[in-house]
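The next block is upload_0.txt, given as compact mmCIF, C-alpha atoms.
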# COMPACT_ATOMS: atom_id res chain seq x y z
CA MET H 1 -73.22 37.96 23.52
CA THR H 2 -75.04 36.00 20.83
CA ALA H 3 -75.43 39.13 18.75
CA TRP H 4 -71.72 39.78 19.02
CA ARG H 5 -70.94 36.21 17.91
CA ILE H 6 -73.32 36.57 14.99
CA ASP H 7 -71.62 39.79 13.95
CA ARG H 8 -68.17 38.21 14.06
CA LEU H 9 -69.35 35.26 11.98
CA ARG H 10 -71.13 37.47 9.48
CA ASP H 11 -68.01 39.62 9.15
CA ALA H 12 -66.07 36.47 8.34
CA GLY H 13 -68.48 35.60 5.54
CA PHE H 14 -70.82 33.12 7.18
CA PRO H 15 -74.34 33.05 5.70
CA ALA H 16 -76.94 34.60 7.99
CA ARG H 17 -78.74 31.40 8.98
CA LEU H 18 -75.55 29.46 9.60
CA ALA H 19 -74.08 32.32 11.62
CA GLU H 20 -77.16 32.45 13.82
CA VAL H 21 -77.18 28.71 14.52
CA LEU H 22 -73.46 28.62 15.26
CA ALA H 23 -73.63 31.72 17.42
CA ARG H 24 -76.41 30.29 19.55
CA ASP H 25 -74.61 26.97 20.01
CA THR H 26 -72.35 27.62 22.98
CA LYS H 27 -70.38 24.44 22.22
CA CYS H 28 -69.16 25.94 18.97
CA ASP H 29 -65.62 27.24 19.25
CA LEU H 30 -65.88 30.64 17.65
CA HIS H 31 -62.13 31.22 17.55
CA ALA H 32 -61.50 27.89 15.85
CA LEU H 33 -64.13 28.69 13.25
CA LEU H 34 -62.69 32.09 12.48
CA ASP H 35 -59.18 30.70 12.41
CA LEU H 36 -60.17 28.10 9.81
CA VAL H 37 -61.81 30.72 7.65
CA ASP H 38 -58.76 32.89 7.97
CA ARG H 39 -56.65 29.99 6.77
CA GLY H 40 -58.69 29.70 3.61
CA TYR H 41 -61.51 27.29 4.43
CA SER H 42 -64.99 28.27 3.36
CA PRO H 43 -67.38 29.08 6.24
CA GLU H 44 -69.38 25.94 5.48
CA LEU H 45 -66.34 23.68 5.64
CA ALA H 46 -65.14 25.37 8.79
CA ALA H 47 -68.51 24.84 10.42
CA ARG H 48 -68.70 21.20 9.39
CA SER H 49 -65.26 20.42 10.66
CA THR H 50 -65.58 22.15 14.03
CA ALA H 51 -69.21 22.19 14.99
CA PRO H 52 -70.43 19.43 17.30
CA ALA H 53 -72.95 17.04 15.82
CA GLY H 54 -76.43 18.41 16.03
CA ARG H 55 -78.10 21.55 14.97
CA ALA H 56 -75.01 23.27 13.64
CA ARG H 57 -74.02 20.48 11.29
CA SER H 58 -77.60 20.09 10.23
CA ALA H 59 -77.71 23.78 9.53
CA VAL H 60 -74.68 23.45 7.30
CA THR H 61 -76.22 20.64 5.31
CA THR H 62 -79.50 22.48 5.00
CA SER H 63 -77.94 25.77 4.03
CA ASN H 64 -75.90 24.03 1.37
CA GLY H 65 -78.87 22.16 0.04
CA GLY H 66 -77.08 18.87 0.59
CA PRO H 67 -78.82 15.53 0.23
CA ALA H 68 -81.65 15.25 2.74
CA ASN H 69 -80.68 11.73 3.77
CA TRP H 70 -77.27 12.80 4.93
CA THR H 71 -77.06 12.57 8.67
CA ALA H 72 -74.96 15.14 10.40
CA ASP H 73 -72.24 12.59 11.15
CA THR H 74 -72.22 11.25 7.61
CA CYS H 75 -71.93 14.74 6.34
CA ALA H 76 -69.10 15.48 8.73
CA THR H 77 -67.25 12.32 7.75
CA ARG H 78 -67.51 13.12 4.09
CA VAL H 79 -66.36 16.63 4.72
CA ASP H 80 -63.45 15.44 6.82
CA ARG H 81 -62.37 13.18 3.98
CA ALA H 82 -62.76 16.01 1.55
CA LEU H 83 -60.73 18.29 3.74
CA ILE H 84 -57.91 15.79 3.90
CA ALA H 85 -57.99 15.19 0.17
CA THR H 86 -58.25 18.81 -0.84
CA SER H 87 -54.97 20.55 -1.41
CA ARG H 88 -54.38 23.84 0.27
CA SER H 89 -54.05 25.62 -3.04
CA SER H 90 -57.41 24.43 -4.28
CA VAL H 91 -59.00 25.49 -1.03
CA THR H 92 -57.44 28.89 -1.52
CA ALA H 93 -58.70 29.02 -5.08
CA ALA H 94 -62.18 28.04 -3.95
CA ARG H 95 -62.19 30.75 -1.38
CA GLY H 96 -60.83 33.20 -3.91
CA GLU H 97 -63.67 32.35 -6.24
CA GLN H 98 -66.23 32.83 -3.52
CA GLU H 99 -64.67 36.08 -2.42
CA THR H 100 -64.46 37.37 -5.97
CA ARG H 101 -68.12 36.57 -6.62
CA SER H 102 -69.07 38.41 -3.49
CA TRP H 103 -66.93 41.43 -4.37
CA ILE H 104 -68.31 41.59 -7.91
CA GLU H 105 -71.85 41.49 -6.54
CA ARG H 106 -71.19 44.18 -4.00
CA LEU H 107 -69.25 46.44 -6.33
CA SER H 108 -71.94 46.02 -8.99
CA ALA H 109 -74.66 46.94 -6.54
CA THR H 110 -75.98 50.42 -6.02
CA GLY H 111 -76.21 52.72 -3.06
CA ALA H 112 -74.82 51.96 0.36
CA GLU H 113 -73.77 48.39 -0.39
CA ARG H 114 -71.46 49.52 -3.19
CA ASP H 115 -70.18 52.43 -1.13
CA VAL H 116 -69.21 50.11 1.70
CA ALA H 117 -67.49 47.73 -0.72
CA LEU H 118 -65.52 50.59 -2.25
CA VAL H 119 -64.38 51.71 1.19
CA GLU H 120 -63.28 48.18 2.06
CA LEU H 121 -61.41 47.93 -1.24
CA HIS H 122 -59.73 51.25 -0.57
CA VAL H 123 -58.60 50.02 2.85
CA LEU H 124 -56.95 46.97 1.30
CA LEU H 125 -55.25 48.94 -1.45
CA SER H 126 -54.09 51.71 0.89
CA ARG H 127 -52.56 49.17 3.23
CA ALA H 128 -50.50 47.62 0.43
CA ALA H 129 -49.53 50.98 -1.09
CA ARG H 130 -48.37 52.34 2.26
CA PHE H 131 -46.44 49.13 2.89
CA GLU H 132 -44.53 49.50 -0.37
CA VAL H 133 -43.91 53.23 0.00
CA ASN H 134 -42.63 52.79 3.55
CA ARG H 135 -40.42 49.91 2.48
CA ARG H 136 -38.86 51.97 -0.29
CA ARG H 137 -38.67 55.21 1.63
CA THR H 138 -35.63 53.89 3.46
CA ARG H 139 -33.85 54.17 0.10
CA SER H 140 -35.19 57.70 -0.43
CA PRO H 141 -34.43 59.48 2.85
CA GLN H 142 -35.12 62.84 1.22
CA MET H 143 -38.79 61.93 0.79
CA SER H 144 -40.93 63.47 3.52
CA ARG H 145 -43.63 61.55 5.30
CA SER H 146 -46.23 63.82 3.74
CA ASP H 147 -44.89 63.13 0.24
CA GLY H 148 -44.90 59.44 0.99
CA ASP H 149 -48.50 59.58 2.18
CA ASP H 150 -49.54 61.45 -0.95
CA LEU H 151 -47.78 58.95 -3.16
CA ALA H 152 -49.35 56.03 -1.32
CA HIS H 153 -52.77 57.61 -1.68
CA GLN H 154 -52.29 58.20 -5.39
CA SER H 155 -51.00 54.66 -5.86
CA ALA H 156 -54.04 53.23 -4.07
CA GLU H 157 -56.28 55.27 -6.37
CA ASP H 158 -54.43 54.05 -9.47
CA ALA H 159 -54.75 50.51 -8.18
CA ARG H 160 -58.48 50.94 -7.50
CA ILE H 161 -59.04 51.91 -11.12
CA ALA H 162 -57.05 48.91 -12.32
CA VAL H 163 -58.87 46.52 -9.97
CA LEU H 164 -62.31 47.73 -11.00
CA ARG H 165 -61.32 47.53 -14.67
CA THR H 166 -60.17 43.90 -14.43
CA LEU H 167 -62.39 42.56 -11.66
CA HIS H 168 -64.85 40.81 -13.97
CA ALA H 169 -62.07 39.17 -15.96
CA ARG H 170 -60.19 37.94 -12.89
CA LYS H 171 -58.91 34.40 -13.23
CA VAL H 172 -59.24 33.10 -9.74
CA GLY H 173 -56.20 31.34 -8.39
CA SER H 174 -55.57 33.16 -5.18
CA ARG H 175 -57.34 34.94 -2.38
CA PHE H 176 -59.02 38.16 -3.38
CA ARG H 177 -56.93 40.11 -0.90
CA THR H 178 -53.66 38.85 -2.40
CA TRP H 179 -54.92 39.71 -5.86
CA THR H 180 -55.76 43.28 -4.90
CA TYR H 181 -52.49 43.75 -3.06
CA LYS H 182 -50.43 43.10 -6.17
CA PHE H 183 -52.09 46.02 -7.96
CA ALA H 184 -51.33 48.46 -5.15
CA LEU H 185 -47.78 47.20 -4.69
CA TYR H 186 -47.19 47.52 -8.42
CA GLU H 187 -48.53 51.07 -8.64
CA ALA H 188 -46.62 52.19 -5.56
CA ALA H 189 -43.37 50.67 -6.82
CA VAL H 190 -43.75 52.27 -10.24
CA ASN H 191 -44.57 55.66 -8.74
CA MET H 192 -41.64 55.47 -6.35
CA ARG H 193 -39.22 54.53 -9.14
CA LYS H 194 -40.45 57.37 -11.32
CA ARG H 195 -40.15 59.83 -8.48
CA ALA H 196 -36.61 58.72 -7.70
CA TRP H 197 -35.61 59.34 -11.32
CA GLN H 198 -37.65 62.45 -12.09
CA GLU H 199 -34.67 64.79 -11.79
CA ARG H 200 -32.16 62.46 -13.39
CA GLU H 201 -30.98 62.08 -16.93
CA ILE H 202 -31.82 58.75 -18.56
CA PRO H 203 -28.52 57.21 -19.70
CA ILE H 204 -29.49 55.42 -22.89
CA ASN H 205 -26.46 56.21 -25.02
CA ALA H 206 -24.29 53.23 -25.72
CA GLU H 207 -21.15 53.50 -23.69
CA SER H 208 -20.16 49.94 -24.25
CA GLY H 209 -16.62 51.13 -25.01
CA LEU H 210 -16.36 51.62 -21.27
CA LEU H 211 -17.53 48.07 -20.84
CA ALA H 212 -14.74 46.87 -23.11
CA ALA H 213 -12.15 49.01 -21.36
CA GLU H 214 -13.34 47.73 -18.02
CA GLY H 215 -13.06 44.20 -19.25
CA HIS H 216 -9.56 44.62 -20.69
CA GLN H 217 -8.43 46.44 -17.59
CA HIS H 218 -8.68 43.15 -15.80
CA VAL H 219 -7.16 40.92 -18.40
CA ALA H 220 -4.11 40.64 -16.22
CA GLU H 221 -6.15 39.11 -13.43
CA ARG H 222 -8.08 36.86 -15.76
CA SER H 223 -8.68 34.23 -13.17
CA ASP H 224 -12.35 33.75 -14.01
CA ASP H 225 -12.39 34.47 -17.74
CA THR H 226 -14.98 37.21 -17.39
CA ALA H 227 -12.86 39.95 -18.97
CA ASP H 228 -12.88 38.36 -22.42
CA THR H 229 -16.59 37.72 -22.16
CA LEU H 230 -17.27 41.34 -21.28
CA ALA H 231 -15.13 42.44 -24.22
CA ALA H 232 -17.08 40.12 -26.52
CA LEU H 233 -20.35 41.46 -25.16
CA SER H 234 -19.17 44.99 -25.75
CA GLU H 235 -18.46 44.17 -29.39
CA ALA H 236 -21.83 42.49 -29.73
CA ILE H 237 -23.66 45.47 -28.23
CA ASP H 238 -22.03 47.72 -30.81
CA GLY H 239 -22.33 45.37 -33.75
CA GLU H 240 -25.25 43.00 -33.25
CA LEU H 241 -28.05 45.08 -31.72
CA SER H 242 -30.44 47.42 -33.45
CA PRO H 243 -30.20 51.05 -32.27
CA HIS H 244 -33.33 50.67 -30.13
CA GLN H 245 -32.22 47.36 -28.67
CA ARG H 246 -28.89 48.95 -27.85
CA GLU H 247 -30.53 51.83 -26.03
CA VAL H 248 -32.74 49.51 -24.03
CA VAL H 249 -30.02 46.99 -23.16
CA VAL H 250 -27.54 49.69 -22.22
CA ALA H 251 -30.03 51.66 -20.14
CA ILE H 252 -31.52 48.73 -18.23
CA ALA H 253 -28.83 46.08 -18.06
CA LEU H 254 -25.75 48.27 -18.03
CA ASN H 255 -26.82 51.52 -16.43
CA GLY H 256 -29.54 50.25 -14.10
CA VAL H 257 -32.39 52.45 -15.30
CA PRO H 258 -35.65 51.01 -13.92
CA ILE H 259 -37.71 49.50 -16.70
CA ASP H 260 -40.81 51.50 -15.74
CA VAL H 261 -38.87 54.75 -15.90
CA LEU H 262 -37.51 53.87 -19.32
CA ALA H 263 -40.95 52.75 -20.48
CA GLU H 264 -42.38 56.15 -19.63
CA TRP H 265 -39.45 57.85 -21.36
CA PHE H 266 -40.16 55.84 -24.52
CA ASN H 267 -43.91 56.24 -24.04
CA THR H 268 -44.45 52.51 -23.98
CA THR H 269 -45.14 49.78 -21.42
CA ARG H 270 -43.00 47.64 -19.18
CA GLY H 271 -44.06 44.56 -21.12
CA ALA H 272 -43.21 45.98 -24.52
CA LEU H 273 -39.85 47.20 -23.32
CA TYR H 274 -39.01 43.87 -21.74
CA GLU H 275 -39.68 42.17 -25.07
CA THR H 276 -37.08 44.45 -26.62
CA LEU H 277 -34.67 43.66 -23.80
CA ARG H 278 -35.28 39.94 -24.22
CA ASP H 279 -34.68 40.10 -27.98
CA GLY H 280 -31.49 42.05 -27.40
CA ARG H 281 -30.28 39.55 -24.85
CA GLN H 282 -30.96 36.70 -27.25
CA ARG H 283 -28.77 38.39 -29.85
CA LEU H 284 -26.02 38.87 -27.31
CA ARG H 285 -26.17 35.22 -26.30
CA ALA H 286 -26.07 34.19 -29.94
CA ALA H 287 -23.09 36.45 -30.51
CA LEU H 288 -21.25 34.87 -27.59
CA HIS H 289 -22.08 31.44 -28.94
CA THR H 290 -20.70 32.41 -32.38
CA ARG H 291 -17.51 33.50 -30.68
CA GLY H 292 -17.30 30.14 -28.98
CA ARG H 293 -18.28 31.38 -25.56
CA GLY H 294 -21.05 29.59 -23.71
CA ILE H 295 -23.42 31.17 -21.25
CA ASP H 296 -23.36 28.66 -18.45
CA GLU H 297 -19.62 28.98 -17.94
CA HIS H 298 -20.18 32.62 -17.02
CA ARG H 299 -22.84 32.03 -14.42
CA GLU H 300 -21.57 32.90 -11.01
CA PRO H 301 -20.37 29.80 -9.18
CA ALA H 302 -22.80 28.77 -6.50
CA MET D 1 -12.09 53.76 -10.99
CA THR D 2 -12.62 51.07 -8.43
CA ALA D 3 -12.02 47.70 -9.97
CA PRO D 4 -15.24 45.70 -10.16
CA SER D 5 -15.12 42.48 -8.26
CA SER D 6 -15.49 39.12 -9.87
CA HIS D 7 -18.98 39.01 -8.38
CA ASP D 8 -19.86 42.31 -10.07
CA ARG D 9 -18.61 41.05 -13.41
CA TYR D 10 -20.65 37.87 -13.17
CA ARG D 11 -23.71 39.94 -12.35
CA LEU D 12 -23.06 42.28 -15.24
CA ILE D 13 -22.77 39.37 -17.65
CA ALA D 14 -25.97 37.89 -16.24
CA ARG D 15 -27.84 41.17 -16.67
CA LEU D 16 -26.64 41.50 -20.25
CA THR D 17 -27.37 37.94 -21.33
CA GLY D 18 -30.52 37.32 -19.26
CA PRO D 19 -32.08 34.03 -18.30
CA VAL D 20 -31.70 31.02 -20.56
CA GLY D 21 -34.84 29.14 -21.52
CA PRO D 22 -38.48 30.03 -21.95
CA GLU D 23 -39.80 32.80 -19.76
CA LEU D 24 -43.10 34.56 -19.21
CA SER D 25 -43.71 38.10 -20.39
CA CYS D 26 -44.18 40.88 -17.84
CA ASP D 27 -47.94 40.84 -18.38
CA GLU D 28 -48.11 37.07 -17.90
CA CYS D 29 -45.96 37.41 -14.81
CA PHE D 30 -48.27 40.01 -13.29
CA GLU D 31 -51.30 37.88 -14.10
CA ALA D 32 -49.89 34.89 -12.23
CA LEU D 33 -47.93 36.64 -9.50
CA ASP D 34 -50.53 36.37 -6.72
CA ARG D 35 -51.02 32.65 -7.31
CA TYR D 36 -47.28 32.08 -7.54
CA VAL D 37 -46.54 33.83 -4.25
CA GLU D 38 -49.37 32.08 -2.41
CA LEU D 39 -48.07 28.75 -3.66
CA GLU D 40 -44.57 29.65 -2.53
CA LEU D 41 -45.74 30.66 0.92
CA ALA D 42 -47.84 27.52 1.22
CA GLY D 43 -44.78 25.41 0.47
CA GLY D 44 -46.09 24.29 -2.91
CA ASP D 45 -44.09 23.83 -6.06
CA ALA D 46 -44.78 27.22 -7.56
CA ASP D 47 -42.22 26.82 -10.33
CA ALA D 48 -43.84 23.63 -11.54
CA ALA D 49 -47.30 25.17 -11.38
CA ILE D 50 -46.30 28.25 -13.35
CA PRO D 51 -43.54 27.36 -15.84
CA GLY D 52 -41.47 30.26 -17.07
CA MET D 53 -42.07 32.40 -13.99
CA ARG D 54 -38.73 31.65 -12.35
CA ALA D 55 -36.81 32.52 -15.50
CA HIS D 56 -38.71 35.77 -15.89
CA LEU D 57 -38.07 36.77 -12.30
CA GLU D 58 -34.38 36.15 -12.89
CA GLY D 59 -34.41 38.44 -15.90
CA CYS D 60 -36.77 41.22 -14.84
CA SER D 61 -35.75 43.04 -11.69
CA ALA D 62 -38.98 45.06 -11.54
CA CYS D 63 -41.21 41.97 -11.57
CA ALA D 64 -38.84 40.28 -9.13
CA GLU D 65 -39.25 43.20 -6.79
CA ASP D 66 -43.04 43.00 -7.11
CA ARG D 67 -42.77 39.40 -6.00
CA ARG D 68 -40.57 40.25 -3.04
CA SER D 69 -42.96 42.99 -1.96
CA LEU D 70 -46.00 40.72 -2.12
CA ARG D 71 -44.18 38.01 -0.19
CA ALA D 72 -43.10 40.53 2.42
CA LEU D 73 -46.57 42.00 2.81
CA LEU D 74 -48.28 38.64 3.14
CA GLY D 75 -45.50 37.50 5.43
CA SER D 76 -45.93 40.51 7.66
CA GLU D 77 -49.66 39.88 7.90
CA ALA D 78 -49.00 36.29 8.85
CA GLY D 79 -46.77 37.56 11.62
CA SER D 80 -43.58 36.26 10.08
CA SER D 81 -41.93 38.98 8.08
CA ASP D 82 -40.30 37.41 5.10
CA GLY D 83 -37.35 39.09 3.59
CA SER D 84 -35.99 36.01 1.97
CA GLY D 85 -37.21 36.71 -1.48
CA GLY D 86 -33.76 36.28 -2.90
CA LYS D 87 -32.00 38.29 -5.54
CA THR D 88 -32.22 37.87 -9.25
CA THR D 89 -29.50 37.60 -11.82
CA GLY D 90 -30.99 40.57 -13.56
CA GLU D 91 -31.04 42.64 -10.40
CA CYS D 92 -30.99 46.36 -10.97
CA ASP D 93 -32.74 47.21 -7.71
CA ALA D 94 -35.03 49.81 -9.08
Rewrite the structure from the file as structure tokens, please.
Amino acid sequence: MTAWRIDRLRDAGFPARLAEVLARDTKCDLHALLDLVDRGYSPELAARSTAPAGRARSAVTTSNGGPANWTADTCATRVDRALIATSRSSVTAARGEQETRSWIERLSATGAERDVALVELHVLLSRAARFEVNRRRTRSPQMSRSDGDDLAHQSAEDARIAVLRTLHARKVGSRFRTWTYKFALYEAAVNMRKRAWQEREIPINAESGLLAAEGHQHVAERSDDTADTLAALSEAIDGELSPHQREVVVAIALNGVPIDVLAEWFNTTRGALYETLRDGRQRLRAALHTRGRGIDEHREPA
Amino acid sequence: MTAPSSHDRYRLIARLTGPVGPELSCDECFEALDRYVELELAGGDADAAIPGMRAHLEGCSACAEDRRSLRALLGSEAGSSDGSGGKTTGECDA
């Protein structure tokens, strides 16, 4: 039983000596400890705030190298105060920092330790990639389960490369798990978008004349003034944007081409393309302003 | 041609004109996304902590979808699936 408790605590990140002391202390509530850690508290803080006074708290102080004249109760009181004063986000950040350090150490190691860390990383990334693929597969009913699995696997691999490339430069502000998830979700989303558009033509040609016609078609029902604004935007797309801005604005904002798909088509990045989109939008807003049309008045009423 | 609704026209104008005010780039958004979502889920003021994120998410449907996915995944792990990520003005639902 003690060995099992030690294993659970070690799995949750408790240092060996602290895990052993806590595991042997039958008054320690193992579930409460693990729950605190799961909520973002460091193992040491979890132990201090749940362990009964005595060996366990002493073990915490000793393992942390805290001042020798701290009694267990003093230590606990200080920790309780600290827990109250510490915001949840800073606790999360602290845990993220600790986790990241541990991951960097393990992934920089050699042999079995690194292999195990890579497997654990793969599990995290695969979970997120499968989540995203499954979520999006409802919009792509023609995609088979096997294709979805392959795409999730590839996305997890792409994410693994990105994680390992940026791990050392990570600015800690979240839990490590959350940080890794975003890479896998991103890769899976990009791959799914590209797959959905792989057989389709990319509509980048300016068809803003249609926009104008659509706007004027509804002049008669001009109850919300949007028709004139759309006509003005159509003119501005034709007259105020550079050819590249026009292609980007028309494709993304008018024709709904996913930005990642268009980025690949232009052999550029999402970020670079969004800059072009943003510059184009600024010109369109300026053009509306010149024509005496504000932006706020065309926001949809709440 | 089916006549677009007033709602559609508002959305089209929003997609064409984008968010007003300073906004992050896509790279900056990705860099801060995990922290932003954790703050949101913790009930913190994520918009105050990361200025420009909200505007970017309104203007970039791909980044907005990344945010929704991360929220949903973390929400599902917490046992409370969260589909309330909200839509963006620049929604293209990629």
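Taking CA of Ala19 in chain H and CA of Arg5 in chain H as the two end points, the separation is 8.0 Å.
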Define the interface residues of chain D facing chain H as those within 7 Å, counting all atoms listed in the file, and report them as a compact mmCIF listing (two decimals) with C-alpha atoms, in the coordinates of the input.
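Listed below is the output, part29.txt:
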# COMPACT_ATOMS: atom_id res chain seq x y z
CA ARG D 9 -18.61 41.05 -13.41
CA TYR D 10 -20.65 37.87 -13.17
CA ILE D 13 -22.77 39.37 -17.65
CA ALA D 14 -25.97 37.89 -16.24
CA ARG D 15 -27.84 41.17 -16.67
CA LEU D 16 -26.64 41.50 -20.25
CA THR D 17 -27.37 37.94 -21.33
CA GLY D 18 -30.52 37.32 -19.26
CA SER D 25 -43.71 38.10 -20.39
CA CYS D 26 -44.18 40.88 -17.84
CA ASP D 27 -47.94 40.84 -18.38
CA ASP D 34 -50.53 36.37 -6.72
CA ARG D 35 -51.02 32.65 -7.31
CA GLU D 38 -49.37 32.08 -2.41
CA LEU D 39 -48.07 28.75 -3.66
CA ALA D 62 -38.98 45.06 -11.54
CA ASP D 66 -43.04 43.00 -7.11
CA SER D 69 -42.96 42.99 -1.96
CA LEU D 70 -46.00 40.72 -2.12
CA CYS D 92 -30.99 46.36 -10.97
CA ALA D 94 -35.03 49.81 -9.08
Task: Spatial neighbours of Leu24 in chain D, 10 Å, only C-alpha atoms, chain gap at least 2 places, as a PyMOL selection string - done: chain D and resi 22+26-30+32+50-57
Residue selection dump (C-alpha atoms) as a tab-separated table (two decimals), in the coordinates of the input:
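Everything below was put into out18.tsv:
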chain	number	residue	atom	x	y	z
D	22	PRO	CA	-38.48	30.03	-21.95
D	26	CYS	CA	-44.18	40.88	-17.84
D	27	ASP	CA	-47.94	40.84	-18.38
D	28	GLU	CA	-48.11	37.07	-17.90
D	29	CYS	CA	-45.96	37.41	-14.81
D	30	PHE	CA	-48.27	40.01	-13.29
D	32	ALA	CA	-49.89	34.89	-12.23
D	50	ILE	CA	-46.30	28.25	-13.35
D	51	PRO	CA	-43.54	27.36	-15.84
D	52	GLY	CA	-41.47	30.26	-17.07
D	53	MET	CA	-42.07	32.40	-13.99
D	54	ARG	CA	-38.73	31.65	-12.35
D	55	ALA	CA	-36.81	32.52	-15.50
D	56	HIS	CA	-38.71	35.77	-15.89
D	57	LEU	CA	-38.07	36.77	-12.30
Task: Pairwise distance for CA of Leu167 in chain H and CA of Thr100 in chain H, rounded to one decimal in Å - done: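 A separation of 8.0 Å between them.
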Task: Polymer residues at most 8 Å from Glu157 in chain H, all atoms listed in the file, same-chain spacing of 4 or more positions, as a PyMOL selection string - done: chain H and resi 122+153+161
- [ ] State, in Å with one decimal place, the distance from CA of Val37 in chain D to CA of Arg71 in chain D.
- [x]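 Computing it gives 6.3 Å between the two atoms.
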Task: Residue among D:Ser61, D:Val20, D:Arg67, D:Gly75 lying closest to Tyr36 in chain D, counting all atoms listed in the file - done: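 Under the stated criterion, the closest residue is D:Arg67.
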Give the padded box for range 128-133 of chain H as AutoDock Vina command-line options: axis-aligned, covering all atoms listed in the file, 5 Å on each side, centre and edge lengths in Å to one decimal.
--center_x -47.2 --center_y 50.4 --center_z 0.9 --size_x 16.6 --size_y 15.6 --size_z 14.0
Task: Who sits within 6 Å of Ala156 in chain H, only C-alpha atoms, same chain under 4 positions skipped, as a PyMOL selection string - done: chain H and resi 125-126+129+184
